[in-house]
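These notes concern the structure reproduced below.
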Amino acid sequence: MVKNEPMLVLASFFWSDAINAFLFGHGPMTPTLLDVMMLIGLSIIAPDRSFDFLDKTSFKIETRTIGGWKEYITKNMRTGSVSLREHTAFLNMWLEKFIFCGKTADPTNNTLKMAETLAGGNLVPLGKHLLGSVYYLLHQVSAKLRDDQPISNLRGPWWFIQLWLNMYMRKGMVIKLSELSFPSEEYDEGEDSVARRCTSFGEAAIMIANDSNVFGKTDFFRCFYNGFTEYSTI
């Protein structure tokens, strides 16, 4: 997914820490657990025992002096059947790098206990934890804007905010979901790739890419300030 900087930056100016919502011209809007389930399908109904993630893991995985994600993969990758440790190491990378988009660009153990829990076949309400990270990221951006500080390279699940905004901005950006396509897996290696129509809101939102020559910063600000039309939200 191509990062839509203008949309993310302009939307940030309308975020309110007081009610955890965007105060757009037509009224407040905010990502919800239903949005998480609809767009990416992460669990929101599994038992939430966050205090369990404070416990120590059954084993240690080196992250501090390992030298980046490439070395992390090399050190933890094994041949043969996948062990619990190897599975945990993979899920730790997936959670840190692709789901929560941790503050550092290097491996950490911040999600290691959660990864071990998932690797053991236990249910985790990842959707709730993701939404919490989304709110925290927007809080950091809002705090820096209030203090007139540069936002710099804040880390966090910006990708979900963009997915969510894409679904409501698609008509304003003159994008028709019915004309988008998604790569299919139904072709053999070496053959030309096959495309199919999007079959879920999440797939469609991922494929939306804004043309800055058609819809630029001024257009985004005007849309957020004036509010979404009834046509754009149907």
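To be explicit about the labels: the chains of the structure tokens are called A, B, and onward in the order shown, and within each one the residues are counted from 1, while ligands get numbers from 1 in the order they are shown.
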
Query raised in the report: Running DSSP on the backbone, which parts of chain A land in strand (DSSP E or B), as a ChimeraX atom specification?
Result: /A:15-16,21-24,27-29,181-183,195-197

Residues just named, written with N, CA and C atoms as a PDB file, in the first residue's frame:
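Writing done, so here's out-v1.pdb:
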ATOM      1  N   TRP A  15      -7.807  15.794  14.600  1.00  0.00           N
ATOM      2  CA  TRP A  15      -7.964  14.807  15.662  1.00  0.00           C
ATOM      3  C   TRP A  15      -8.120  15.486  17.015  1.00  0.00           C
ATOM      4  N   SER A  16      -9.048  15.000  17.828  1.00  0.00           N
ATOM      5  CA  SER A  16      -9.266  15.531  19.180  1.00  0.00           C
ATOM      6  C   SER A  16      -8.902  14.479  20.213  1.00  0.00           C
ATOM      7  N   ALA A  21     -11.491  11.288  18.577  1.00  0.00           N
ATOM      8  CA  ALA A  21     -12.232  11.295  17.319  1.00  0.00           C
ATOM      9  C   ALA A  21     -11.726  12.415  16.416  1.00  0.00           C
ATOM     10  N   PHE A  22     -11.951  12.251  15.113  1.00  0.00           N
ATOM     11  CA  PHE A  22     -11.688  13.322  14.156  1.00  0.00           C
ATOM     12  C   PHE A  22     -12.903  14.246  14.148  1.00  0.00           C
ATOM     13  N   LEU A  23     -12.671  15.544  14.317  1.00  0.00           N
ATOM     14  CA  LEU A  23     -13.771  16.511  14.297  1.00  0.00           C
ATOM     15  C   LEU A  23     -13.868  17.113  12.897  1.00  0.00           C
ATOM     16  N   PHE A  24     -14.471  16.364  11.998  1.00  0.00           N
ATOM     17  CA  PHE A  24     -14.660  16.831  10.639  1.00  0.00           C
ATOM     18  C   PHE A  24     -15.858  17.783  10.571  1.00  0.00           C
ATOM     19  N   GLY A  27     -19.236  16.406  11.471  1.00  0.00           N
ATOM     20  CA  GLY A  27     -19.380  15.827  12.797  1.00  0.00           C
ATOM     21  C   GLY A  27     -18.222  14.906  13.132  1.00  0.00           C
ATOM     22  N   PRO A  28     -18.179  14.377  14.363  1.00  0.00           N
ATOM     23  CA  PRO A  28     -17.057  13.511  14.776  1.00  0.00           C
ATOM     24  C   PRO A  28     -17.107  12.137  14.126  1.00  0.00           C
ATOM     25  N   MET A  29     -15.938  11.622  13.802  1.00  0.00           N
ATOM     26  CA  MET A  29     -15.797  10.266  13.271  1.00  0.00           C
ATOM     27  C   MET A  29     -14.561   9.643  13.902  1.00  0.00           C
ATOM     28  N   SER A 181      -8.893  -4.129  -8.793  1.00  0.00           N
ATOM     29  CA  SER A 181      -8.636  -5.571  -8.859  1.00  0.00           C
ATOM     30  C   SER A 181      -7.550  -5.935  -7.873  1.00  0.00           C
ATOM     31  N   PHE A 182      -7.499  -7.206  -7.526  1.00  0.00           N
ATOM     32  CA  PHE A 182      -6.575  -7.697  -6.518  1.00  0.00           C
ATOM     33  C   PHE A 182      -5.866  -8.932  -7.074  1.00  0.00           C
ATOM     34  N   PRO A 183      -4.568  -9.092  -6.831  1.00  0.00           N
ATOM     35  CA  PRO A 183      -3.855 -10.260  -7.379  1.00  0.00           C
ATOM     36  C   PRO A 183      -4.463 -11.568  -6.898  1.00  0.00           C
ATOM     37  N   ALA A 195      -5.477 -11.282 -12.133  1.00  0.00           N
ATOM     38  CA  ALA A 195      -6.142 -10.353 -11.230  1.00  0.00           C
ATOM     39  C   ALA A 195      -7.612 -10.717 -11.089  1.00  0.00           C
ATOM     40  N   ARG A 196      -8.169 -10.386  -9.940  1.00  0.00           N
ATOM     41  CA  ARG A 196      -9.588 -10.622  -9.703  1.00  0.00           C
ATOM     42  C   ARG A 196     -10.179  -9.402  -9.014  1.00  0.00           C
ATOM     43  N   ARG A 197     -11.478  -9.333  -8.967  1.00  0.00           N
ATOM     44  CA  ARG A 197     -12.137  -8.226  -8.278  1.00  0.00           C
ATOM     45  C   ARG A 197     -11.922  -8.346  -6.776  1.00  0.00           C
TER      46      ARG A 197
END

Would you mind listing, for every residue of region 169-193 of chain A within 12 Å of region 206-219 of chain A, the two atoms forming the shortest contact and the distance between them in Å to one decimal, using only C-alpha atoms, sorted by chain and ascending residue number, as a Markdown table?
| residue | atom | partner | partner_atom | distance |
| --- | --- | --- | --- | --- |
| A:Met169 | CA | A:Asn210 | CA | 9.7 |
| A:Arg170 | CA | A:Ile208 | CA | 7.5 |
| A:Lys171 | CA | A:Ile208 | CA | 10.9 |
| A:Gly172 | CA | A:Phe215 | CA | 8.2 |
| A:Met173 | CA | A:Phe215 | CA | 6.0 |
| A:Val174 | CA | A:Val214 | CA | 8.7 |
| A:Ile175 | CA | A:Ile208 | CA | 7.4 |
| A:Lys176 | CA | A:Ile208 | CA | 9.1 |
| A:Leu177 | CA | A:Ile208 | CA | 8.2 |
| A:Ser178 | CA | A:Ile208 | CA | 11.5 |
| A:Glu179 | CA | A:Met207 | CA | 10.5 |
| A:Leu180 | CA | A:Met207 | CA | 6.9 |
| A:Ser181 | CA | A:Met207 | CA | 7.5 |
| A:Phe182 | CA | A:Met207 | CA | 7.3 |
| A:Pro183 | CA | A:Met207 | CA | 10.1 |

Write the residues of the selection above to a file with N, CA and C atoms, as a PDB file, in the first residue's frame.
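Just written: selection_10.pdb:
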ATOM      1  N   MET A 169     -12.996   8.242   1.807  1.00  0.00           N
ATOM      2  CA  MET A 169     -12.506   9.254   0.880  1.00  0.00           C
ATOM      3  C   MET A 169     -12.562   8.788  -0.568  1.00  0.00           C
ATOM      4  N   ARG A 170     -12.903   7.533  -0.805  1.00  0.00           N
ATOM      5  CA  ARG A 170     -12.764   6.979  -2.156  1.00  0.00           C
ATOM      6  C   ARG A 170     -13.611   7.722  -3.192  1.00  0.00           C
ATOM      7  N   LYS A 171     -14.827   8.132  -2.812  1.00  0.00           N
ATOM      8  CA  LYS A 171     -15.676   8.835  -3.781  1.00  0.00           C
ATOM      9  C   LYS A 171     -15.176  10.261  -4.004  1.00  0.00           C
ATOM     10  N   GLY A 172     -14.644  10.877  -2.957  1.00  0.00           N
ATOM     11  CA  GLY A 172     -14.070  12.207  -3.111  1.00  0.00           C
ATOM     12  C   GLY A 172     -12.848  12.189  -4.003  1.00  0.00           C
ATOM     13  N   MET A 173     -12.083  11.092  -3.955  1.00  0.00           N
ATOM     14  CA  MET A 173     -10.900  10.951  -4.790  1.00  0.00           C
ATOM     15  C   MET A 173     -11.239  10.361  -6.165  1.00  0.00           C
ATOM     16  N   VAL A 174     -12.546  10.214  -6.430  1.00  0.00           N
ATOM     17  CA  VAL A 174     -13.043   9.701  -7.713  1.00  0.00           C
ATOM     18  C   VAL A 174     -12.457   8.313  -8.004  1.00  0.00           C
ATOM     19  N   ILE A 175     -12.600   7.415  -7.041  1.00  0.00           N
ATOM     20  CA  ILE A 175     -12.121   6.039  -7.191  1.00  0.00           C
ATOM     21  C   ILE A 175     -13.317   5.102  -7.072  1.00  0.00           C
ATOM     22  N   LYS A 176     -13.501   4.241  -8.063  1.00  0.00           N
ATOM     23  CA  LYS A 176     -14.611   3.299  -8.070  1.00  0.00           C
ATOM     24  C   LYS A 176     -14.126   1.925  -7.620  1.00  0.00           C
ATOM     25  N   LEU A 177     -14.671   1.443  -6.527  1.00  0.00           N
ATOM     26  CA  LEU A 177     -14.258   0.144  -5.991  1.00  0.00           C
ATOM     27  C   LEU A 177     -14.536  -0.977  -6.985  1.00  0.00           C
ATOM     28  N   SER A 178     -15.586  -0.845  -7.765  1.00  0.00           N
ATOM     29  CA  SER A 178     -15.945  -1.911  -8.699  1.00  0.00           C
ATOM     30  C   SER A 178     -14.913  -2.084  -9.800  1.00  0.00           C
ATOM     31  N   GLU A 179     -14.066  -1.066 -10.008  1.00  0.00           N
ATOM     32  CA  GLU A 179     -13.061  -1.138 -11.066  1.00  0.00           C
ATOM     33  C   GLU A 179     -11.691  -1.572 -10.554  1.00  0.00           C
ATOM     34  N   LEU A 180     -11.559  -1.731  -9.239  1.00  0.00           N
ATOM     35  CA  LEU A 180     -10.276  -2.157  -8.676  1.00  0.00           C
ATOM     36  C   LEU A 180     -10.132  -3.671  -8.789  1.00  0.00           C
ATOM     37  N   SER A 181      -8.893  -4.129  -8.793  1.00  0.00           N
ATOM     38  CA  SER A 181      -8.636  -5.571  -8.859  1.00  0.00           C
ATOM     39  C   SER A 181      -7.550  -5.935  -7.873  1.00  0.00           C
ATOM     40  N   PHE A 182      -7.499  -7.206  -7.526  1.00  0.00           N
ATOM     41  CA  PHE A 182      -6.575  -7.697  -6.518  1.00  0.00           C
ATOM     42  C   PHE A 182      -5.866  -8.932  -7.074  1.00  0.00           C
ATOM     43  N   PRO A 183      -4.568  -9.092  -6.831  1.00  0.00           N
ATOM     44  CA  PRO A 183      -3.855 -10.260  -7.379  1.00  0.00           C
ATOM     45  C   PRO A 183      -4.463 -11.568  -6.898  1.00  0.00           C
TER      46      PRO A 183
END

Report task. Find the residue from A:Asp106, A:Glu185, A:Glu5, A:Asp17 that sits nearest to Asn92 (chain A); use only C-alpha atoms when measuring. Result ->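 Among the listed residues, the smallest separation from Asn92 (chain A) belongs to A:Asp106.
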
Report summary line: Asp55 (chain A) proximity check over A:Val194, A:Met114, A:Lys70, A:Phe100, using only C-alpha atoms: winner is A:Met114

Query raised in the report: Leu33 (chain A): which residues within 8 Å, counting only C-alpha atoms, same-chain residues fewer than 3 positions away excluded, as a PyMOL selection string?
Result: chain A and resi 36-37+44+127-128+131

Those residues you just picked out, can you put them in a file as an mmCIF file, in the first residue's frame with C-alpha atoms?
data_model
loop_
_atom_site.group_PDB
_atom_site.id
_atom_site.type_symbol
_atom_site.label_atom_id
_atom_site.label_comp_id
_atom_site.auth_asym_id
_atom_site.auth_seq_id
_atom_site.Cartn_x
_atom_site.Cartn_y
_atom_site.Cartn_z
ATOM 1 C CA VAL A 36 -11.001 -3.256 12.545
ATOM 2 C CA MET A 37 -12.956 -6.466 12.039
ATOM 3 C CA ILE A 44 -12.085 -8.381 18.717
ATOM 4 C CA GLY A 127 -8.052 -5.947 17.044
ATOM 5 C CA LYS A 128 -8.398 -4.245 20.434
ATOM 6 C CA LEU A 131 -7.032 0.095 17.873
#

Could you produce a table of the residues of region 75-103 of chain A lying within 6 Å of region 150-165 of chain A, with the nearest pair of atoms per residue and their separation in Å rounded to one decimal, using only C-alpha atoms, ordered by chain and increasing residue number, as JSON lines?
{"residue": "A:Phe100", "atom": "CA", "partner": "A:Pro157", "partner_atom": "CA", "distance": 5.2}
{"residue": "A:Cys101", "atom": "CA", "partner": "A:Gly156", "partner_atom": "CA", "distance": 4.7}
{"residue": "A:Gly102", "atom": "CA", "partner": "A:Arg155", "partner_atom": "CA", "distance": 5.7}
{"residue": "A:Lys103", "atom": "CA", "partner": "A:Arg155", "partner_atom": "CA", "distance": 4.6}

For the residues in the current selection, export C-alpha atoms as a short mmCIF file (atom, residue, chain, number, x, y, z; two decimals), in the first residue's frame.
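Written file, again.cif:
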data_model
loop_
_atom_site.label_atom_id
_atom_site.label_comp_id
_atom_site.auth_asym_id
_atom_site.auth_seq_id
_atom_site.Cartn_x
_atom_site.Cartn_y
_atom_site.Cartn_z
CA PHE A 100 2.04 -2.21 15.49
CA CYS A 101 4.95 -0.64 13.54
CA GLY A 102 7.10 -0.17 16.64
CA LYS A 103 8.92 3.06 17.42
#

Report task. Find the residue from A:Leu84, A:Leu118, A:Leu123, A:Leu130 that sits nearest to Phe98 (chain A); use only C-alpha atoms when measuring. Result ->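 The shortest atom-to-atom distance to Phe98 (chain A) comes from A:Leu130.
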
Query raised in the report: Counting only C-alpha atoms, what is within 9 Å of Asn226 (chain A), bar same-chain residues fewer than 5 positions away, as a ChimeraX atom specification?
Result: /A:24-26,221

Report task. Would you list, as a PyMOL selection string, the residues of region 46-113 of chain A that end up in alpha helix (DSSP H) under DSSP run on this structure's backbone? Result -> chain A and resi 69-76+84-93+112-113

Requested in this report: Excluding Asn20 (chain A) and any residue of its chain fewer than 6 positions from it, enumerate the residues within 9 Å of it, using only C-alpha atoms, and give them as a ChimeraX atom specification.
Outcome: /A:29-30,135,138-139

Requested in this report: Considering only C-alpha atoms, return as a ChimeraX atom specification whatever protein or nucleic-acid residues lie within 9 Å of Pro125 (chain A), sequence-local ones (same chain, fewer than 5 positions apart) excluded.
Outcome: /A:42-49,130

Write out the residues from the selection above, keeping C-alpha atoms, as a PDB file, in the first residue's frame.
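Result saved to out.pdb:
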ATOM      1  CA  LEU A  42      -8.440  -9.318  13.444  1.00  0.00           C
ATOM      2  CA  SER A  43     -10.210 -10.793  16.461  1.00  0.00           C
ATOM      3  CA  ILE A  44     -12.085  -8.381  18.717  1.00  0.00           C
ATOM      4  CA  ILE A  45     -14.064 -10.925  20.751  1.00  0.00           C
ATOM      5  CA  ALA A  46     -11.303 -13.130  22.205  1.00  0.00           C
ATOM      6  CA  PRO A  47     -10.842 -12.883  25.998  1.00  0.00           C
ATOM      7  CA  ASP A  48      -8.661  -9.881  26.817  1.00  0.00           C
ATOM      8  CA  ARG A  49      -6.073 -10.778  29.461  1.00  0.00           C
ATOM      9  CA  LEU A 130      -4.301  -2.490  17.324  1.00  0.00           C
TER      10      LEU A 130
END

Query - For Leu39 (chain A), the nearest of the candidates A:Ile99, A:Thr88, A:Thr65, A:Ala205, counting only C-alpha atoms - result: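 Using only C-alpha atoms, Leu39 (chain A) sits closest to A:Ala205.
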
Report task. Calculate how many Å separate CA of Leu112 (chain A) from CA of Arg64 (chain A), rounding to one decimal. Result ->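 Atom-to-atom, CA of Leu112 (chain A) and CA of Arg64 (chain A) are spaced 13.3 Å apart.
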
Query - Gap from CA of Cys198 (chain A) to CA of Tyr231 (chain A) - Å, one decimal - result: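 So the answer is 21.6 Å.
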
Query - Between CA of Phe201 (chain A) and CA of Phe228 (chain A) - distance in Å to one decimal - result: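 These atoms are spaced 19.1 Å apart.
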
Report task. Within 9 Å of Pro107 (chain A), counting only C-alpha atoms, which residues show up once you throw out same-chain ones fewer than 2 positions away? Write them as a PyMOL selection string, please. Result -> chain A and resi 62-64+66-69+72+92-93+96-97+102+104-105+109-110
